[in-house]
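Undergrad: Starting off with a structure, shown below.
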Amino acid sequence: MFNGYQYEQQGCNVEYFGSNEGLEDLGRDLIVHQKDGPILIVQCKYWANKKLIHEKHIMQLYGTTICYAIEHNLFKEAVKCLFITNIELSPMAKKMANSLGVEYKENVQLGDFPRIK
């Protein structure tokens, strides 16, 4: 929700796919429709600080991004993927991300955003 709110503040249309689909989200937490740019498929992982993000999570995000492009008859260049986490990626996960063109943001802490309690 926090990351989606950040994109909304930039004027993007955000689908909270993970919140709506639960375990059936296909690894797509957010689908961000930017005004002038590609659609972003965003996966967010906020885990305990002792954990590490491994390459399987990067590969899942890449695969679900390609699936999204196929499902919507888009060129793969029209859809990009972004992995956001509060922890770090393993060295191999970073290599996979760089090789596949998966952008990532590590150590992103949650901030305040409007929400209903």
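So you can find residues: chains in the structure tokens are A, B, ... in the order shown, residues in each start at 1, and ligands are numbered from 1 in order.
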Taking 6 positions as the minimum chain separation for residues in the same chain, which residues sit within 12 Å of A:Phe75 when counting only C-alpha atoms? Answer as an NGL selection string.

TA: :A and (38-39 or 65-69)

Undergrad: Keeping C-alpha atoms for every residue in the selection just given, could you write it to a file as a PDB file, in the first residue's frame?

TA:
ATOM      1  CA  PRO A  38       6.030   1.733 -19.513  1.00  0.00           C
ATOM      2  CA  ILE A  39       3.631  -0.143 -17.293  1.00  0.00           C
ATOM      3  CA  THR A  65       6.050  -9.439 -16.319  1.00  0.00           C
ATOM      4  CA  ILE A  66       6.495 -11.262 -19.626  1.00  0.00           C
ATOM      5  CA  CYS A  67       3.179 -13.055 -19.022  1.00  0.00           C
ATOM      6  CA  TYR A  68       1.455  -9.707 -18.437  1.00  0.00           C
ATOM      7  CA  ALA A  69       2.794  -8.393 -21.753  1.00  0.00           C
TER       8      ALA A  69
END

Undergrad: For the helix (DSSP H, G or I) assignment from backbone DSSP, which residues of chain A qualify? Please present them as a PyMOL selection string.

TA: chain A and resi 2-9+17-24+55-71+76-78+91-100

Undergrad: Go ahead and compute the interatomic distance for atom CA of A:Pro91 and atom CA of A:Gln60, in Å to one decimal.

TA: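 Taking atom CA of A:Pro91 as the start and atom CA of A:Gln60 as the end point, the length is 16.9 Å.
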
Undergrad: Run DSSP on the backbone and give me the residues of chain A it puts in strand (DSSP E), as a list of chain:residue names.

TA: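 Strand (DSSP E) members of chain A, listed: A:Asn13, A:Val14, A:Glu15, A:Leu30, A:Ile31, A:Val32, A:His33, A:Ile39, A:Leu40, A:Ile41, A:Val42, A:Gln43, A:Cys44, A:Lys45, A:Val79, A:Lys80, A:Cys81, A:Leu82, A:Phe83, A:Ile84, A:Thr85, A:Glu103, A:Tyr104, A:Lys105.
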
Undergrad: What does the structure give for the distance between atom CA of A:Asn13 and atom CA of A:Trp47, in Å to one decimal?

TA: 26.2 Å

Undergrad: Skip A:Lys105 itself and residues of its chain fewer than 5 positions away, then list as a list of chain:residue names all residues within 10 Å of it, counting only C-alpha atoms.

TA: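 Surrounding residues, per the criterion: A:Cys44, A:Leu82, A:Phe83, A:Ile84, A:Thr85, A:Asn86, A:Ile87, A:Glu88, A:Leu89.
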
Undergrad: Go ahead and write the residues just picked, C-alpha atoms, as a PDB file, in the first residue's frame.

TA:
ATOM      1  CA  CYS A  44       7.197  -5.815  -2.824  1.00  0.00           C
ATOM      2  CA  LEU A  82      10.600  -3.441 -10.321  1.00  0.00           C
ATOM      3  CA  PHE A  83      11.399  -5.337  -7.131  1.00  0.00           C
ATOM      4  CA  ILE A  84      11.142  -3.323  -3.901  1.00  0.00           C
ATOM      5  CA  THR A  85      12.333  -4.679  -0.559  1.00  0.00           C
ATOM      6  CA  ASN A  86      13.259  -3.526   2.922  1.00  0.00           C
ATOM      7  CA  ILE A  87      16.209  -5.928   2.982  1.00  0.00           C
ATOM      8  CA  GLU A  88      18.969  -6.846   0.540  1.00  0.00           C
ATOM      9  CA  LEU A  89      19.204  -9.083  -2.482  1.00  0.00           C
TER      10      LEU A  89
END
